[in-house]
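Below: model.csv (CSV, C-alpha atoms)
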```csv
chain,number,residue,atom,x,y,z
D,753,MET,CA,-29.6,-0.3,34.4
D,754,ASN,CA,-26.2,-0.4,32.9
D,755,SER,CA,-26.5,2.9,31.2
D,756,GLN,CA,-26.9,6.3,32.6
D,757,TYR,CA,-29.8,6.9,30.1
D,758,PRO,CA,-33.2,5.1,30.4
D,759,SER,CA,-33.4,4.6,26.7
D,760,ALA,CA,-30.9,3.4,24.1
D,761,LEU,CA,-32.5,5.5,21.4
D,762,LEU,CA,-32.1,8.6,23.6
D,763,GLU,CA,-28.5,7.7,24.4
D,764,ASN,CA,-27.8,7.3,20.7
D,765,ALA,CA,-29.2,10.7,19.8
D,766,VAL,CA,-27.3,12.3,22.7
D,767,ASN,CA,-24.1,10.6,21.5
D,768,GLU,CA,-24.5,12.0,18.0
D,769,PHE,CA,-25.1,15.5,19.3
D,770,ALA,CA,-22.1,15.3,21.7
D,771,LYS,CA,-19.8,14.6,18.7
D,772,LEU,CA,-20.3,18.2,17.6
D,773,PRO,CA,-17.6,20.7,18.6
D,774,GLY,CA,-18.4,22.6,21.9
D,775,ILE,CA,-21.4,20.4,22.7
D,776,GLY,CA,-21.0,18.5,25.9
D,777,ARG,CA,-23.2,15.6,27.0
D,778,LYS,CA,-25.5,17.8,29.2
D,779,THR,CA,-26.1,20.3,26.4
D,780,ALA,CA,-26.6,17.4,24.0
D,781,LEU,CA,-29.3,16.0,26.3
D,782,ARG,CA,-31.0,19.4,26.5
D,783,LEU,CA,-31.1,19.7,22.7
D,784,VAL,CA,-32.4,16.2,22.2
D,785,LEU,CA,-35.1,16.7,24.8
D,786,HIS,CA,-36.0,19.9,23.0
D,787,LEU,CA,-36.4,18.1,19.7
D,788,LEU,CA,-38.5,15.4,21.4
D,789,ARG,CA,-41.0,18.1,22.4
D,790,GLN,CA,-41.3,19.3,18.8
D,791,GLU,CA,-43.6,17.9,16.1
D,792,ASP,CA,-42.5,14.9,14.1
D,793,SER,CA,-42.3,17.0,11.0
D,794,GLN,CA,-40.0,19.5,12.5
D,795,VAL,CA,-37.5,16.8,13.6
D,796,GLU,CA,-37.6,15.3,10.1
D,797,GLU,CA,-37.0,18.8,8.5
D,798,PHE,CA,-34.0,19.2,10.8
D,799,ALA,CA,-32.6,15.8,9.8
D,800,GLN,CA,-33.4,16.3,6.1
D,801,ALA,CA,-31.7,19.7,5.9
D,802,LEU,CA,-28.5,18.2,7.1
D,803,VAL,CA,-28.5,15.2,4.8
D,804,THR,CA,-29.6,17.3,1.8
D,805,LEU,CA,-26.8,19.8,2.5
D,806,LYS,CA,-24.2,17.1,2.8
D,807,GLN,CA,-25.4,15.3,-0.4
D,808,ASP,CA,-26.0,18.2,-2.6
D,809,VAL,CA,-23.4,20.8,-1.5
D,810,LYS,CA,-21.3,22.2,-4.3
D,811,TYR,CA,-18.1,24.2,-4.2
D,812,CYS,CA,-17.5,27.1,-6.6
D,813,ARG,CA,-15.3,26.1,-9.5
D,814,ASN,CA,-13.3,29.3,-9.2
D,815,CYS,CA,-13.0,30.2,-5.6
D,816,HIS,CA,-14.0,26.9,-3.9
D,817,ASN,CA,-16.5,28.7,-1.7
D,818,ILE,CA,-19.7,26.7,-0.8
D,819,SER,CA,-22.2,27.3,-3.5
D,820,ASP,CA,-25.5,26.0,-4.9
D,821,SER,CA,-24.3,26.4,-8.4
D,822,GLU,CA,-21.1,25.6,-10.4
D,823,VAL,CA,-19.9,29.2,-10.0
D,824,CYS,CA,-20.8,31.1,-6.8
D,825,GLY,CA,-22.8,34.3,-6.6
D,826,ILE,CA,-19.7,36.4,-5.8
D,827,CYS,CA,-17.6,35.0,-8.7
D,828,SER,CA,-20.5,35.4,-11.2
D,829,ASP,CA,-21.2,39.0,-10.0
D,830,LYS,CA,-19.9,41.1,-12.9
D,831,SER,CA,-19.8,44.3,-10.8
D,832,ARG,CA,-17.0,42.9,-8.7
D,833,ASP,CA,-13.3,43.5,-9.3
D,834,ALA,CA,-11.8,40.2,-10.7
D,835,SER,CA,-8.3,41.6,-10.6
D,836,THR,CA,-8.1,41.4,-6.8
D,837,LEU,CA,-8.2,38.0,-4.9
D,838,CYS,CA,-8.6,37.7,-1.2
D,839,VAL,CA,-7.2,34.4,0.1
D,840,VAL,CA,-9.2,33.1,3.1
D,841,GLU,CA,-9.2,29.9,5.1
D,842,ASN,CA,-12.9,29.1,5.0
D,843,ILE,CA,-16.4,30.3,4.1
D,844,ARG,CA,-16.8,31.8,7.6
D,845,GLU,CA,-14.1,34.3,6.7
D,846,VAL,CA,-15.8,35.1,3.4
D,847,MET,CA,-19.0,35.9,5.3
D,848,ALA,CA,-17.1,38.0,7.8
D,849,ILE,CA,-15.3,40.0,5.1
D,850,GLU,CA,-18.5,40.4,3.1
D,851,ASN,CA,-20.2,41.8,6.2
D,852,THR,CA,-17.6,44.6,6.4
D,853,THR,CA,-18.7,45.8,2.8
D,854,GLN,CA,-15.1,47.0,2.4
D,855,PHE,CA,-14.0,44.4,-0.2
D,856,LYS,CA,-15.3,44.3,-3.8
D,857,GLY,CA,-12.9,41.8,-5.3
D,858,LEU,CA,-13.2,38.0,-5.5
D,859,TYR,CA,-12.2,35.4,-3.0
D,860,HIS,CA,-10.1,32.3,-3.0
D,861,VAL,CA,-11.1,29.8,-0.3
D,862,LEU,CA,-8.2,27.5,0.8
D,863,GLY,CA,-10.3,25.1,2.8
D,864,GLY,CA,-8.0,25.3,5.8
D,865,ILE,CA,-4.4,26.4,6.6
D,866,ILE,CA,-1.1,24.5,6.7
D,867,SER,CA,-1.0,22.8,10.1
D,868,PRO,CA,1.5,19.9,10.5
D,869,ILE,CA,0.0,19.0,13.9
D,870,ASP,CA,-3.4,18.3,12.3
D,871,GLY,CA,-1.7,16.6,9.3
D,872,ILE,CA,-2.8,19.4,6.9
D,873,GLY,CA,-0.2,20.1,4.2
D,874,PRO,CA,-0.2,22.4,1.2
D,875,SER,CA,-1.6,19.6,-1.0
D,876,ASP,CA,-4.7,19.4,1.2
D,877,LEU,CA,-5.5,23.0,0.4
D,878,GLN,CA,-6.6,24.8,-2.8
D,879,ILE,CA,-3.2,26.4,-3.3
D,880,THR,CA,-2.6,24.9,-6.8
D,881,GLY,CA,-5.9,26.3,-7.8
D,882,LEU,CA,-4.8,29.8,-6.6
D,883,GLU,CA,-1.6,29.5,-8.6
D,884,GLU,CA,-3.7,28.5,-11.7
D,885,ARG,CA,-5.9,31.6,-11.3
D,886,VAL,CA,-2.9,33.9,-11.1
D,887,LYS,CA,-1.1,32.1,-14.0
D,888,GLN,CA,-4.2,32.6,-16.3
D,889,GLY,CA,-3.6,36.4,-15.9
D,890,GLY,CA,-5.9,39.2,-15.0
D,891,VAL,CA,-5.1,39.1,-11.3
D,892,LYS,CA,-3.2,42.2,-10.2
D,893,GLU,CA,-3.2,41.7,-6.4
D,894,VAL,CA,-3.6,38.8,-4.0
D,895,ILE,CA,-4.6,39.8,-0.4
D,896,LEU,CA,-3.6,37.3,2.3
D,897,ALA,CA,-6.4,37.3,5.0
D,898,LEU,CA,-5.5,34.3,7.1
D,899,SER,CA,-5.4,34.0,10.9
D,900,ALA,CA,-2.6,35.9,12.6
D,901,THR,CA,-1.3,32.6,14.0
D,902,MET,CA,1.8,30.5,13.3
D,903,GLU,CA,-0.2,28.3,11.0
D,904,GLY,CA,-1.5,31.4,9.2
D,905,ASP,CA,2.0,32.8,8.8
D,906,THR,CA,3.4,29.5,7.5
D,907,THR,CA,0.6,29.4,4.9
D,908,ASN,CA,1.2,33.1,4.0
D,909,PHE,CA,4.9,32.4,3.3
D,910,TYR,CA,4.1,29.2,1.3
D,911,ILE,CA,1.7,31.1,-0.9
D,912,PHE,CA,4.0,34.0,-1.2
D,913,ARG,CA,6.8,31.8,-2.5
D,914,LYS,CA,4.4,30.0,-4.9
D,915,LEU,CA,3.2,33.3,-6.4
D,916,HIS,CA,6.7,34.9,-6.5
D,917,PRO,CA,7.4,33.9,-10.2
D,918,TYR,CA,4.2,35.7,-11.4
D,919,ASP,CA,3.7,39.4,-12.0
D,920,VAL,CA,1.3,39.9,-9.1
D,921,LYS,CA,1.3,42.1,-6.0
D,922,VAL,CA,0.9,40.1,-2.8
D,923,SER,CA,-0.3,42.0,0.3
D,924,ILE,CA,-1.5,41.1,3.8
D,925,ILE,CA,-4.3,42.6,5.8
D,926,ALA,CA,-3.2,45.1,8.5
D,927,ARG,CA,-2.3,43.8,11.9
D,928,GLY,CA,-2.7,46.4,14.6
D,929,VAL,CA,-4.7,47.5,17.6
D,930,ALA,CA,-8.3,46.5,17.2
D,931,VAL,CA,-10.9,49.2,17.1
D,932,GLY,CA,-12.2,49.7,20.6
D,933,ASP,CA,-9.1,48.3,22.3
D,934,GLU,CA,-7.1,50.3,24.8
D,935,ILE,CA,-3.4,50.7,23.9
D,936,GLU,CA,-2.4,49.9,27.4
D,937,TYR,CA,-3.7,46.4,27.1
D,938,ALA,CA,-2.5,45.6,23.5
D,939,ASP,CA,0.2,42.9,23.4
D,940,GLU,CA,3.6,44.2,22.4
D,941,ILE,CA,3.8,42.4,19.1
D,942,THR,CA,0.5,43.8,17.9
D,943,LEU,CA,1.4,47.3,19.2
D,944,GLY,CA,4.8,47.2,17.6
D,945,ARG,CA,3.3,46.1,14.3
D,946,SER,CA,0.7,48.9,14.4
D,947,ILE,CA,3.5,51.4,14.8
D,948,LEU,CA,5.6,50.0,11.9
D,949,ASN,CA,2.5,49.9,9.7
D,950,ARG,CA,1.2,53.4,10.6
D,951,THR,CA,-1.0,55.0,8.0
D,952,PRO,CA,-1.3,58.7,7.0
D,953,PHE,CA,-3.9,60.6,9.1
D,954,ASP,CA,-6.0,63.5,8.0
D,955,GLU,CA,-9.4,65.1,8.8
D,956,SER,CA,-11.3,62.4,6.8
D,957,TYR,CA,-10.0,59.6,9.1
D,958,LYS,CA,-12.8,58.0,10.9
D,959,LEU,CA,-13.1,54.9,13.2
D,960,LYS,CA,-15.5,52.7,11.4
P,314,MET,CA,-26.6,38.0,-3.5
P,315,ASN,CA,-29.7,38.6,-1.5
P,316,SER,CA,-28.8,36.3,1.4
P,317,GLN,CA,-25.9,36.5,3.8
P,318,TYR,CA,-25.1,32.8,3.0
P,319,PRO,CA,-23.6,31.8,-0.3
P,320,SER,CA,-25.8,28.7,-0.5
P,321,ALA,CA,-29.5,28.2,0.2
P,322,LEU,CA,-28.8,24.6,1.4
P,323,LEU,CA,-26.3,25.9,3.9
P,324,GLU,CA,-28.7,28.6,5.1
P,325,ASN,CA,-31.4,26.0,5.5
P,326,ALA,CA,-29.2,23.8,7.7
P,327,VAL,CA,-28.1,26.8,9.7
P,328,ASN,CA,-31.7,27.9,10.2
P,329,GLU,CA,-32.6,24.4,11.5
P,330,PHE,CA,-29.7,24.4,14.0
P,331,ALA,CA,-30.5,27.9,15.1
P,332,LYS,CA,-34.0,26.8,16.2
P,333,LEU,CA,-32.4,24.8,19.0
P,334,PRO,CA,-32.3,26.5,22.4
P,335,GLY,CA,-29.1,28.3,23.2
P,336,ILE,CA,-27.7,27.9,19.6
P,337,GLY,CA,-27.2,31.2,17.9
P,338,ARG,CA,-26.6,31.7,14.2
P,339,LYS,CA,-22.8,31.8,14.5
P,340,THR,CA,-22.7,28.6,16.5
P,341,ALA,CA,-25.2,27.0,14.1
P,342,LEU,CA,-22.9,27.8,11.2
P,343,ARG,CA,-19.9,26.4,13.1
P,344,LEU,CA,-21.8,23.1,13.7
P,345,VAL,CA,-23.0,22.9,10.1
P,346,LEU,CA,-19.5,23.5,8.7
P,347,HIS,CA,-18.2,20.8,11.1
P,348,LEU,CA,-20.8,18.3,9.8
P,349,LEU,CA,-19.8,19.3,6.2
P,350,ARG,CA,-16.3,18.1,7.0
P,351,GLN,CA,-17.5,14.7,8.2
P,352,GLU,CA,-18.1,11.6,6.1
P,353,ASP,CA,-21.6,11.3,4.4
P,354,SER,CA,-22.3,8.2,6.6
P,355,GLN,CA,-21.7,10.2,9.8
P,356,VAL,CA,-24.1,12.9,8.9
P,357,GLU,CA,-26.7,10.3,7.9
P,358,GLU,CA,-26.2,8.5,11.3
P,359,PHE,CA,-26.7,11.8,13.1
P,360,ALA,CA,-29.9,12.6,11.2
P,361,GLN,CA,-31.2,9.0,11.5
P,362,ALA,CA,-30.6,8.9,15.3
P,363,LEU,CA,-32.9,11.9,15.7
P,364,VAL,CA,-35.6,10.7,13.4
P,365,THR,CA,-35.6,7.2,14.9
P,366,LEU,CA,-35.7,8.5,18.5
P,367,LYS,CA,-38.7,10.8,17.6
P,368,GLN,CA,-40.6,8.0,15.9
P,369,ASP,CA,-39.9,5.1,18.2
P,370,VAL,CA,-39.6,6.8,21.6
P,371,LYS,CA,-41.8,5.3,24.3
P,372,TYR,CA,-42.8,6.5,27.7
P,373,CYS,CA,-43.0,4.1,30.7
P,374,ARG,CA,-46.7,3.1,31.5
P,375,ASN,CA,-46.1,3.7,35.2
P,376,CYS,CA,-43.8,6.6,35.7
P,377,HIS,CA,-43.9,8.3,32.2
P,378,ASN,CA,-40.2,8.4,32.0
P,379,ILE,CA,-38.6,7.9,28.5
P,380,SER,CA,-38.1,4.2,27.9
P,381,ASP,CA,-37.4,1.7,25.1
P,382,SER,CA,-40.0,-0.7,26.6
P,383,GLU,CA,-43.6,-0.5,28.0
P,384,VAL,CA,-42.3,-0.4,31.6
P,385,CYS,CA,-38.9,1.4,32.2
P,386,GLY,CA,-35.8,-0.1,33.7
P,387,ILE,CA,-36.4,1.6,37.1
P,388,CYS,CA,-40.0,0.6,37.4
P,389,SER,CA,-39.3,-3.0,36.5
P,390,ASP,CA,-36.4,-3.3,39.0
P,391,LYS,CA,-37.7,-5.5,41.8
P,392,SER,CA,-35.0,-4.4,44.2
P,393,ARG,CA,-36.3,-0.9,44.3
P,394,ASP,CA,-38.8,0.4,46.9
P,395,ALA,CA,-42.2,0.7,45.2
P,396,SER,CA,-43.7,2.4,48.3
P,397,THR,CA,-41.8,5.7,47.7
P,398,LEU,CA,-42.5,7.8,44.6
P,399,CYS,CA,-40.3,10.8,43.7
P,400,VAL,CA,-42.2,13.4,41.6
P,401,VAL,CA,-40.0,15.1,39.1
P,402,GLU,CA,-40.5,17.5,36.2
P,403,ASN,CA,-38.6,15.6,33.6
P,404,ILE,CA,-36.2,12.9,32.6
P,405,ARG,CA,-33.2,15.2,33.3
P,406,GLU,CA,-34.2,15.3,37.0
P,407,VAL,CA,-34.5,11.5,37.1
P,408,MET,CA,-31.0,11.2,35.7
P,409,ALA,CA,-29.7,13.8,38.2
P,410,ILE,CA,-31.3,12.0,41.2
P,411,GLU,CA,-30.1,8.6,40.0
P,412,ASN,CA,-26.6,10.0,39.8
P,413,THR,CA,-26.8,10.8,43.6
P,414,THR,CA,-27.4,7.1,44.3
P,415,GLN,CA,-29.4,8.3,47.4
P,416,PHE,CA,-32.8,7.3,46.2
P,417,LYS,CA,-34.0,3.7,45.8
P,418,GLY,CA,-37.7,4.3,45.2
P,419,LEU,CA,-39.6,4.8,42.0
P,420,TYR,CA,-40.3,8.0,40.0
P,421,HIS,CA,-43.2,9.9,38.6
P,422,VAL,CA,-42.4,12.1,35.7
P,423,LEU,CA,-44.9,15.0,35.3
P,424,GLY,CA,-43.6,16.1,31.9
P,425,GLY,CA,-43.4,19.7,33.0
P,426,ILE,CA,-44.6,22.0,35.8
P,427,ILE,CA,-47.7,24.2,36.0
P,428,SER,CA,-46.8,27.5,34.2
P,429,PRO,CA,-49.8,29.7,33.2
P,430,ILE,CA,-47.4,32.0,31.2
P,431,ASP,CA,-46.4,29.1,29.0
P,432,GLY,CA,-50.0,27.8,28.8
P,433,ILE,CA,-49.2,24.7,30.8
P,434,GLY,CA,-52.0,23.7,33.2
P,435,PRO,CA,-52.5,20.6,35.4
P,436,SER,CA,-54.3,18.7,32.7
P,437,ASP,CA,-51.1,18.9,30.5
P,438,LEU,CA,-49.1,17.1,33.1
P,439,GLN,CA,-49.2,13.5,34.4
P,440,ILE,CA,-50.9,14.4,37.7
P,441,THR,CA,-54.0,12.2,37.2
P,442,GLY,CA,-51.7,9.3,36.6
P,443,LEU,CA,-49.9,10.1,39.9
P,444,GLU,CA,-53.3,10.2,41.8
P,445,GLU,CA,-54.1,6.8,40.2
P,446,ARG,CA,-50.9,5.3,41.4
P,447,VAL,CA,-51.6,6.5,44.9
P,448,LYS,CA,-55.2,5.4,44.8
P,449,GLN,CA,-54.2,1.8,43.9
P,450,GLY,CA,-52.5,1.6,47.2
P,451,GLY,CA,-49.0,0.5,48.2
P,452,VAL,CA,-47.5,4.0,48.0
P,453,LYS,CA,-46.5,5.2,51.5
P,454,GLU,CA,-44.6,8.4,50.6
P,455,VAL,CA,-44.6,10.9,47.7
P,456,ILE,CA,-41.5,13.1,47.6
P,457,LEU,CA,-41.9,16.4,45.7
P,458,ALA,CA,-38.6,17.1,43.9
P,459,LEU,CA,-39.6,20.0,41.6
P,460,SER,CA,-37.7,23.2,41.0
P,461,ALA,CA,-37.6,25.7,43.9
P,462,THR,CA,-39.4,28.3,41.7
P,463,MET,CA,-42.9,29.9,41.8
P,464,GLU,CA,-44.0,27.4,39.1
P,465,GLY,CA,-42.5,24.5,41.1
P,466,ASP,CA,-44.3,25.7,44.3
P,467,THR,CA,-47.6,26.1,42.5
P,468,THR,CA,-47.3,22.5,41.2
P,469,ASN,CA,-46.3,21.3,44.7
P,470,PHE,CA,-49.5,22.8,46.2
P,471,TYR,CA,-51.7,21.5,43.5
P,472,ILE,CA,-50.3,17.9,43.9
P,473,PHE,CA,-50.5,18.2,47.7
P,474,ARG,CA,-54.2,19.1,47.5
P,475,LYS,CA,-54.9,16.3,45.0
P,476,LEU,CA,-53.2,13.7,47.2
P,477,HIS,CA,-54.7,15.0,50.5
P,478,PRO,CA,-57.7,12.6,50.5
P,479,TYR,CA,-55.4,9.6,50.4
P,480,ASP,CA,-53.5,7.9,53.2
P,481,VAL,CA,-50.0,9.0,51.9
P,482,LYS,CA,-47.2,11.0,53.4
P,483,VAL,CA,-46.2,14.0,51.1
P,484,SER,CA,-42.7,15.3,51.6
P,485,ILE,CA,-40.5,17.8,49.8
P,486,ILE,CA,-36.8,17.7,49.2
P,487,ALA,CA,-34.7,19.9,51.6
P,488,ARG,CA,-34.0,23.5,50.6
P,489,GLY,CA,-31.0,25.0,52.2
P,490,VAL,CA,-27.4,26.1,51.7
P,491,ALA,CA,-25.8,24.2,48.9
P,492,VAL,CA,-22.8,22.0,49.7
P,493,GLY,CA,-19.7,24.2,49.0
P,494,ASP,CA,-21.6,27.5,49.4
P,495,GLU,CA,-20.5,30.1,51.8
P,496,ILE,CA,-23.1,31.2,54.3
P,497,GLU,CA,-22.3,34.9,53.7
P,498,TYR,CA,-23.4,34.7,50.1
P,499,ALA,CA,-26.5,32.5,50.6
P,500,ASP,CA,-29.8,34.4,49.9
P,501,GLU,CA,-31.9,35.1,53.0
P,502,ILE,CA,-34.8,32.9,52.0
P,503,THR,CA,-32.6,29.9,51.5
P,504,LEU,CA,-30.6,30.6,54.7
P,505,GLY,CA,-33.9,31.1,56.7
P,506,ARG,CA,-35.2,27.8,55.3
P,507,SER,CA,-32.0,26.0,56.2
P,508,ILE,CA,-32.3,27.2,59.8
P,509,LEU,CA,-36.0,26.2,60.1
P,510,ASN,CA,-35.3,22.8,58.6
P,511,ARG,CA,-32.1,22.1,60.6
P,512,THR,CA,-31.3,18.4,61.1
P,513,PRO,CA,-29.7,16.6,64.1
P,514,PHE,CA,-25.9,16.5,64.0
P,515,ASP,CA,-23.6,13.8,65.3
P,516,GLU,CA,-20.1,12.4,64.6
P,517,SER,CA,-21.4,10.4,61.7
P,518,TYR,CA,-22.4,13.6,59.8
P,519,LYS,CA,-20.4,14.0,56.6
P,520,LEU,CA,-20.6,16.4,53.7
P,521,LYS,CA,-21.2,14.1,50.7
```
Please express the file's structure as structure tokens.
Amino acid sequence: MNSQYPSALLENAVNEFAKLPGIGRKTALRLVLHLLRQEDSQVEEFAQALVTLKQDVKYCRNCHNISDSEVCGICSDKSRDASTLCVVENIREVMAIENTTQFKGLYHVLGGIISPIDGIGPSDLQITGLEERVKQGGVKEVILALSATMEGDTTNFYIFRKLHPYDVKVSIIARGVAVGDEIEYADEITLGRSILNRTPFDESYKLK
Amino acid sequence: MNSQYPSALLENAVNEFAKLPGIGRKTALRLVLHLLRQEDSQVEEFAQALVTLKQDVKYCRNCHNISDSEVCGICSDKSRDASTLCVVENIREVMAIENTTQFKGLYHVLGGIISPIDGIGPSDLQITGLEERVKQGGVKEVILALSATMEGDTTNFYIFRKLHPYDVKVSIIARGVAVGDEIEYADEITLGRSILNRTPFDESYKLK
């Protein structure tokens, strides 16, 4: 046998799985063998779900979040505050922030962050769309909620400069010691930032 | 929104991925978003590889290993020793043993091991097929290479009794301290077994 695998069909399926991030060849084989043990219909449903998603996926006209309709459920929710936009990298951050139930405004999904190493420039992101939304008026505050990395900071500054001509407040989510973390082990930049950005404390303050 | 996900199509794809063993919902979402960033054709190839495998997969007539043909590459290899059969649970063990390059006989893939808890009895496995191969003659030795677990041992004893009437040697792969392991940390059953099954030592002995 030339190949490590006894079947070219099997090898092909393993190869496809191993292209996914964080899936090595051993895990890929385990997943493929699991699918082999399932009913034909289940494997077809699995394959169909992916193809249908890829073919029919839509992005919200306003915020560019993944959506089944022209305008996503968050943007079309009249009870939400349309004067506050939260700028995030991707749908995963939308879901993470929604899970906190602390934000009642709308989102703007960039679809990535500026990263010269990966060849991603401002024109690859939905930054012009953000400027358009602000230009149309009605937006009072733009909250930057990108990763606390160099790429995130670059993107933050780029957006800040783009929005500078408009009458809009630009803020950034707090950086500080994570809830549950011990001060002793916090890195100095985070700790320093948490002291600079200290907030008033009173009896109503709770860790939540 | 009723659902955590902004799109039912997305949720459906995440659900399908999350059915796979060891894939939680967060990982499933990461994988689905990765596929969303790929070309349409790549997602179709991924889906097609799985459906084709499931529809067209064959099992070797002799050893029941996964194969693209009636008889697998190992069984049809005339240079291999057809008088020695190695009994394994699944194709993954075939691949693991092939990688050692220490075995030149043929395999017999059971398709699982006896596990009453999972509802797997002897009749669900390829044990009758093994008995048939031995009955036809030509097999001198059957090597049991199942997991060193209770289920593996149950299956070993069952096979041993089934093959007892025939003129065939039944052996089991060595259990002992793994290469690279420190004696101090070996469990007592393994260590005891490795002393009972000690092998002659001479200058040619090498860890490999």
Check your understanding: Can you list, as a ChimeraX atom specification, every protein, DNA or RNA residue that comes within 12 Å of P:Ile379 when you count all atoms listed in the file, leaving out same-chain residues fewer than 5 positions away?
Key -> /D:757-763,785,788 /P:366-367,369-374,384-388,403-405,407-408,420-424
Output for the residues just chosen: C-alpha atoms as a PDB file, keeping the file's coordinate frame:
```pdb
ATOM      1  CA  TYR D 757     -29.800   6.900  30.100  1.00  0.00           C
ATOM      2  CA  PRO D 758     -33.200   5.100  30.400  1.00  0.00           C
ATOM      3  CA  SER D 759     -33.400   4.600  26.700  1.00  0.00           C
ATOM      4  CA  ALA D 760     -30.900   3.400  24.100  1.00  0.00           C
ATOM      5  CA  LEU D 761     -32.500   5.500  21.400  1.00  0.00           C
ATOM      6  CA  LEU D 762     -32.100   8.600  23.600  1.00  0.00           C
ATOM      7  CA  GLU D 763     -28.500   7.700  24.400  1.00  0.00           C
ATOM      8  CA  LEU D 785     -35.100  16.700  24.800  1.00  0.00           C
ATOM      9  CA  LEU D 788     -38.500  15.400  21.400  1.00  0.00           C
TER      10      LEU D 788
ATOM     11  CA  LEU P 366     -35.700   8.500  18.500  1.00  0.00           C
ATOM     12  CA  LYS P 367     -38.700  10.800  17.600  1.00  0.00           C
ATOM     13  CA  ASP P 369     -39.900   5.100  18.200  1.00  0.00           C
ATOM     14  CA  VAL P 370     -39.600   6.800  21.600  1.00  0.00           C
ATOM     15  CA  LYS P 371     -41.800   5.300  24.300  1.00  0.00           C
ATOM     16  CA  TYR P 372     -42.800   6.500  27.700  1.00  0.00           C
ATOM     17  CA  CYS P 373     -43.000   4.100  30.700  1.00  0.00           C
ATOM     18  CA  ARG P 374     -46.700   3.100  31.500  1.00  0.00           C
ATOM     19  CA  VAL P 384     -42.300  -0.400  31.600  1.00  0.00           C
ATOM     20  CA  CYS P 385     -38.900   1.400  32.200  1.00  0.00           C
ATOM     21  CA  GLY P 386     -35.800  -0.100  33.700  1.00  0.00           C
ATOM     22  CA  ILE P 387     -36.400   1.600  37.100  1.00  0.00           C
ATOM     23  CA  CYS P 388     -40.000   0.600  37.400  1.00  0.00           C
ATOM     24  CA  ASN P 403     -38.600  15.600  33.600  1.00  0.00           C
ATOM     25  CA  ILE P 404     -36.200  12.900  32.600  1.00  0.00           C
ATOM     26  CA  ARG P 405     -33.200  15.200  33.300  1.00  0.00           C
ATOM     27  CA  VAL P 407     -34.500  11.500  37.100  1.00  0.00           C
ATOM     28  CA  MET P 408     -31.000  11.200  35.700  1.00  0.00           C
ATOM     29  CA  TYR P 420     -40.300   8.000  40.000  1.00  0.00           C
ATOM     30  CA  HIS P 421     -43.200   9.900  38.600  1.00  0.00           C
ATOM     31  CA  VAL P 422     -42.400  12.100  35.700  1.00  0.00           C
ATOM     32  CA  LEU P 423     -44.900  15.000  35.300  1.00  0.00           C
ATOM     33  CA  GLY P 424     -43.600  16.100  31.900  1.00  0.00           C
TER      34      GLY P 424
END
```
Review point. Can you list, as number ranges by chain, every protein, DNA or RNA residue that comes within 12 Å of P:Ile430 when you count only C-alpha atoms, leaving out same-chain residues fewer than 3 positions away?
Key: P: 426-427, 433-434, 463-464
Point to revise | Shortest interatomic distance to D:Glu893 - which of D:Leu943, D:Ile924, D:Ile935, D:Leu837, counting all atoms listed in the file | key: D:Leu837
Review point. Taking only C-alpha atoms into account, which of D:Gly881, D:Gly904, D:Gly932, D:Gly864 comes nearest chain P?
Key: D:Gly864
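The space between atom CA of D:Ala897 and atom CA of D:Val931 spans 17.6 Å.
Distance annotation: of D:Asn767, D:Arg950, D:Arg789, D:His816, the residue with the minimal separation from D:Val840 is D:His816; atom set is all atoms listed in the file.
Of note, atom CA of P:Thr340 and atom CA of P:Gln317 are spaced 15.3 Å apart.
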Where does stretch 327-430 of chain P meet stretch 791-804 of chain D within 10 Å, residue by residue, with the nearest atom pair and distance in Å to one decimal for each, counting all atoms listed in the file, listed by chain and rising number, as CSV?
```
residue,atom,partner,partner_atom,distance
P:Val327,CA,D:Ala801,CA,8.8
P:Asn328,CA,D:Phe798,CA,9.0
P:Glu329,CA,D:Phe798,CA,5.4
P:Phe330,CA,D:Phe798,CA,7.5
P:Lys332,CA,D:Phe798,CA,9.3
P:Val345,CA,D:Leu802,CA,7.8
P:Leu348,CA,D:Leu802,CA,8.2
P:Leu349,CA,D:Leu802,CA,8.8
P:Asp353,CA,D:Val803,CA,7.9
P:Ser354,CA,D:Val803,CA,9.5
P:Gln355,CA,D:Val803,CA,9.8
P:Val356,CA,D:Val803,CA,6.4
P:Glu357,CA,D:Val803,CA,6.1
P:Glu358,CA,D:Val803,CA,9.6
P:Phe359,CA,D:Ala799,CA,7.9
P:Ala360,CA,D:Ala799,CA,4.4
P:Gln361,CA,D:Ala799,CA,7.1
P:Ala362,CA,D:Ala799,CA,9.0
P:Leu363,CA,D:Val795,CA,7.0
P:Val364,CA,D:Glu796,CA,6.0
P:Thr365,CA,D:Glu796,CA,9.6
P:Leu366,CA,D:Val795,CA,9.8
P:Lys367,CA,D:Asp792,CA,6.6
P:Gln368,CA,D:Asp792,CA,7.4
```
Point to revise | Interatomic distance, atom CA of D:Cys815 to atom CA of D:Ile895 (Å, one decimal) | key: 13.8 Å
Review point. Using only C-alpha atoms, which residues sit within 10 Å of stretch 909-919 of chain D once same-chain residues fewer than 5 positions away are excluded, as a ChimeraX atom specification?
Key: /D:839,866,874,879-880,882-884,886-887,889,891-894,896,904
